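To keep things clear, I will list the structure first and then write my remarks on it.
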Amino acid sequence: MRTTALGRIALATGITALTAGLFPAPAHADDAVVERRTLPVLVEFTDSSFQHPDAVEESTPDTYFGAKKDSLASFFTELSRGRYRVVPAVDGRYAGPVTLPMAASCDALRINTLTQEALAGQGLVRGEDYDSLSMVFPAQKTGCDWAGLGSVPGPYTWINLYGTASGLGVVGHEFGHNLGLGHQTRSRCTDGDLVACETDGTSAKSMMGGGGPAAGISAPEMIRAGWLSDGETVKVTKSGTYTLRSLHGEGDGVRALDIPMGEDRLVVEYRHTAGSFDQDIEGVHAYRVPEGNYGASTLIDTTEANKTAGNDAPADADALTSLTDRASEVSVAVVSSGDGRAEVEVALDGEELSTAGETPEKTSAPAPEHTGTDTDAGDGLPDGTEVQGGGRGKDAAGTEDAGDLAATGGDSGTLPLAVGGAGMLVVGAGALLLIRRRKQA
């Protein structure tokens, strides 16, 4: 399919992603491993080339496919627990540099069209030779207000160089868009009732919000990607108390509660340090899923803590204790939380919580989770509870073309504001570091 089929471009700078309802309800996951043949291509313009071409060519393979945990491939392998693998499409692990017959520009569609034409001239055709195309180009003259751009969902990413840094801050975020994930925002509901919420910045619980790579992604996003297996997501159909294992931890058990909430869904997770993820996240968290669109979930924050990825508040500062949605007559309360698991009570149809008004029991100093299966975990479910598998839409398996595009700035630690102005490429210890001035308000 030619790139003109991308359709309209919805550029989302700052904290907003325009997803245009592109995310279907997830299907049941299977045990198949998805291998995404990925082709990074170095792109130059008639009037702009890479300032440090040797460093770019040396670092690109490691950014995408390196063995270290901060490569794109290692990140997604760990995050999906082996269900999704980013693999090189060509032996050299990248293509180019190719010089496009155009001046430096932010015209993403034209860059895509000309890049694919150049690759086809080398015998490389998307769908036959590669699944994902990641275009990396110098930012010196483009003047783009984004460091990264990704089709939502789809096979294309654009990296406006300055943003390749460790690979995950921008590159990983854009590949998250390819999976059908939008930018995750935060709703502040400080009185604990979901009828009185205000959008307030981004979620620190996901790379698709302000959490950076160390946060991985949240439970509804894991469901959207198809990375929770049968038995790991519970579709709650009756009131009861449920046991949750940590979202990114090892072992068997329930990792997400999927609760009906009118036309929307409420997804509840438990987070605890595990592997490369969640060293600064602890406790139970909840997300509103609008009309079954798991890729467009919003973190529900019922606290006054204003926890972000960049501040020194305790890891559990914004952890949920209880919440109520009067409109759908749903209530949730945390019974206990810490040390790798949580007990959560759910009341449907206006029923009373047995733990209403009680302070949840917490473990004061949670230890990192050990690798391996906890044989005492059980399934954590009240009798008769429906269990559903996670879902992977067609795009997550790489079979659908691109939809809208979402743009991202270049700060790997937060979901950035639009950035611009002068930048410089700093080369050291084999890494490309991002140094860029933000626009003044």
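Residue numbers start at 1 in each chain; chains themselves are named A, B, ... in the order of the structure tokens; ligands are numbered from 1 in the order shown.
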query: Near A:Ala215, within 9 Å and counting only C-alpha atoms, which residues show up once chain neighbours fewer than 2 positions away are dropped, as an NGL selection string?
result: :A and (204-207 or 210-213 or 217-218 or 276-281 or 309)
message: as a VMD selection string, please: the residues near stretch 94-105 of chain A (cut-off 9 Å, only C-alpha atoms, same-chain neighbours under 3 positions excluded).
response: chain A and resid 38 to 49 53 57 60 to 61 88 to 91 108 110 to 111 114 to 115 118 to 119 138 to 144
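Counting from atom CA of A:Val330, the distance to atom CA of A:Lys235 is 14.0 Å.
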- prompt: Quick one: of A:Asp404, A:Arg36, A:Glu352, A:His183, who's nearest to A:Leu109, counting only C-alpha atoms?
  reply: A:Asp404
- line: As a check of understanding: the span from atom CA of A:Thr237 to atom CA of A:Asp301 is 24.0 Å
Residues of stretch 263-317 of chain A within 10 Å of stretch 339-351 of chain A: nearest atom pair and distance (Å, one decimal) for each, counting only C-alpha atoms, sorted by chain and number, as a tab-separated table?
residue	atom	partner	partner_atom	distance
A:Val268	CA	A:Val344	CA	8.8
A:Glu269	CA	A:Ala342	CA	9.0
A:Tyr270	CA	A:Ala342	CA	6.5
A:Arg271	CA	A:Gly340	CA	8.0
A:His272	CA	A:Gly340	CA	6.0
A:Thr273	CA	A:Gly340	CA	8.1
A:Ala274	CA	A:Gly340	CA	8.9
A:Glu282	CA	A:Gly340	CA	9.2
A:Gly283	CA	A:Ala342	CA	7.8
A:Val284	CA	A:Ala342	CA	7.3
task: Select, from A:Gly253, A:Pro290, A:Gly121, A:Gly169, the residue with the minimum atom-to-atom distance to A:Ser229, counting only C-alpha atoms.
output: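 Closest to A:Ser229, using only C-alpha atoms: A:Gly253.
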query: What lies within 7 Å of A:Trp158 using only C-alpha atoms, ignoring chain neighbours under 6 positions off, as a PyMOL selection string?
result: chain A and resi 134-136+148-150
Could you write out that same residue set with all heavy atoms as an mmCIF file, in the first residue's frame?
data_model
loop_
_atom_site.group_PDB
_atom_site.id
_atom_site.type_symbol
_atom_site.label_atom_id
_atom_site.label_comp_id
_atom_site.auth_asym_id
_atom_site.auth_seq_id
_atom_site.Cartn_x
_atom_site.Cartn_y
_atom_site.Cartn_z
ATOM 1 N N SER A 134 11.339 2.711 10.167
ATOM 2 C CA SER A 134 11.673 3.802 11.075
ATOM 3 C C SER A 134 12.658 4.733 10.385
ATOM 4 O O SER A 134 13.816 4.367 10.142
ATOM 5 C CB SER A 134 12.277 3.246 12.369
ATOM 6 O OG SER A 134 12.442 4.265 13.315
ATOM 7 N N MET A 135 12.207 5.928 10.048
ATOM 8 C CA MET A 135 13.002 6.897 9.285
ATOM 9 C C MET A 135 13.716 7.845 10.248
ATOM 10 O O MET A 135 13.076 8.565 11.004
ATOM 11 C CB MET A 135 12.093 7.665 8.330
ATOM 12 C CG MET A 135 11.505 6.791 7.230
ATOM 13 S SD MET A 135 9.911 7.379 6.587
ATOM 14 C CE MET A 135 8.787 6.706 7.830
ATOM 15 N N VAL A 136 15.036 7.825 10.220
ATOM 16 C CA VAL A 136 15.863 8.640 11.113
ATOM 17 C C VAL A 136 16.541 9.704 10.265
ATOM 18 O O VAL A 136 17.266 9.379 9.317
ATOM 19 C CB VAL A 136 16.920 7.780 11.832
ATOM 20 C CG1 VAL A 136 17.766 8.628 12.764
ATOM 21 C CG2 VAL A 136 16.254 6.631 12.582
ATOM 22 N N GLY A 148 9.844 13.017 17.535
ATOM 23 C CA GLY A 148 9.399 11.725 17.045
ATOM 24 C C GLY A 148 7.969 11.778 16.598
ATOM 25 O O GLY A 148 7.161 12.586 17.090
ATOM 26 N N LEU A 149 7.632 10.929 15.651
ATOM 27 C CA LEU A 149 6.283 10.858 15.103
ATOM 28 C C LEU A 149 5.979 9.391 14.830
ATOM 29 O O LEU A 149 6.849 8.646 14.364
ATOM 30 C CB LEU A 149 6.200 11.667 13.810
ATOM 31 C CG LEU A 149 4.834 11.929 13.173
ATOM 32 C CD1 LEU A 149 4.031 12.881 14.033
ATOM 33 C CD2 LEU A 149 5.018 12.524 11.783
ATOM 34 N N GLY A 150 4.772 8.936 15.149
ATOM 35 C CA GLY A 150 4.421 7.546 14.911
ATOM 36 C C GLY A 150 3.005 7.401 14.417
ATOM 37 O O GLY A 150 2.108 8.136 14.847
#
- request: Looking only at strand (DSSP E or B) from DSSP on the backbone, list the matching residues of stretch 54-98 of chain A as a VMD selection string.
  value: chain A and resid 84 to 88 95 to 98
Got time to write the residues from that selection, C-alpha atoms, as a PDB file, in the first residue's frame?
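This is the output file again07.pdb:
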ATOM      1  CA  TYR A  84       6.540  -9.378  20.964  1.00  0.00           C
ATOM      2  CA  ARG A  85       9.997  -9.261  19.436  1.00  0.00           C
ATOM      3  CA  VAL A  86      11.562  -6.483  17.398  1.00  0.00           C
ATOM      4  CA  VAL A  87      14.006  -8.122  14.969  1.00  0.00           C
ATOM      5  CA  PRO A  88      16.218  -6.641  12.237  1.00  0.00           C
ATOM      6  CA  ALA A  95      19.656   0.850   5.626  1.00  0.00           C
ATOM      7  CA  GLY A  96      21.154   4.011   4.201  1.00  0.00           C
ATOM      8  CA  PRO A  97      22.077   6.703   4.403  1.00  0.00           C
ATOM      9  CA  VAL A  98      19.847   7.583   1.477  1.00  0.00           C
TER      10      VAL A  98
END
message: If I take atom CA of A:Val236 and atom CA of A:Asp318, how far is one from the other in Å, to one decimal?
response: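 Between atom CA of A:Val236 and atom CA of A:Asp318 the gap works out to 23.9 Å.
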message: Which residues are close to A:Arg288, i.e. within 7 Å by only C-alpha atoms, leaving aside same-chain residues fewer than 4 positions away? Reply as a VMD selection string.
response: chain A and resid 264 to 267 297 to 300
- prompt: Which neighbours of A:Arg186 fall inside 6 Å, counting only C-alpha atoms, when residues of the same chain fewer than 5 positions from it are skipped, and could you give them as number ranges by chain?
  reply: A: 199-203, 298-299
query: stretch 114-201 of chain A: which residues are helix (DSSP H, G or I) by DSSP, as number ranges by chain?
result: A: 114-121, 168-178
Would you write out those residues with C-alpha atoms, as a PDB file, in the first residue's frame?
ATOM      1  CA  LEU A 114      10.427   9.101  -1.076  1.00  0.00           C
ATOM      2  CA  THR A 115      12.105   6.807   1.467  1.00  0.00           C
ATOM      3  CA  GLN A 116      10.035   3.821   0.372  1.00  0.00           C
ATOM      4  CA  GLU A 117      10.779   4.610  -3.269  1.00  0.00           C
ATOM      5  CA  ALA A 118      14.511   4.737  -2.504  1.00  0.00           C
ATOM      6  CA  LEU A 119      14.336   1.448  -0.595  1.00  0.00           C
ATOM      7  CA  ALA A 120      12.347  -0.211  -3.380  1.00  0.00           C
ATOM      8  CA  GLY A 121      15.170   0.784  -5.726  1.00  0.00           C
ATOM      9  CA  LEU A 168      13.596   4.334  24.407  1.00  0.00           C
ATOM     10  CA  GLY A 169      12.654   7.888  25.299  1.00  0.00           C
ATOM     11  CA  VAL A 170      11.487   8.748  21.798  1.00  0.00           C
ATOM     12  CA  VAL A 171      11.932   5.639  19.638  1.00  0.00           C
ATOM     13  CA  GLY A 172      10.163   3.355  22.113  1.00  0.00           C
ATOM     14  CA  HIS A 173       7.339   5.846  22.591  1.00  0.00           C
ATOM     15  CA  GLU A 174       6.739   6.067  18.833  1.00  0.00           C
ATOM     16  CA  PHE A 175       6.724   2.287  18.489  1.00  0.00           C
ATOM     17  CA  GLY A 176       4.114   2.317  21.268  1.00  0.00           C
ATOM     18  CA  HIS A 177       1.959   4.460  18.997  1.00  0.00           C
ATOM     19  CA  ASN A 178       2.439   1.822  16.280  1.00  0.00           C
TER      20      ASN A 178
END
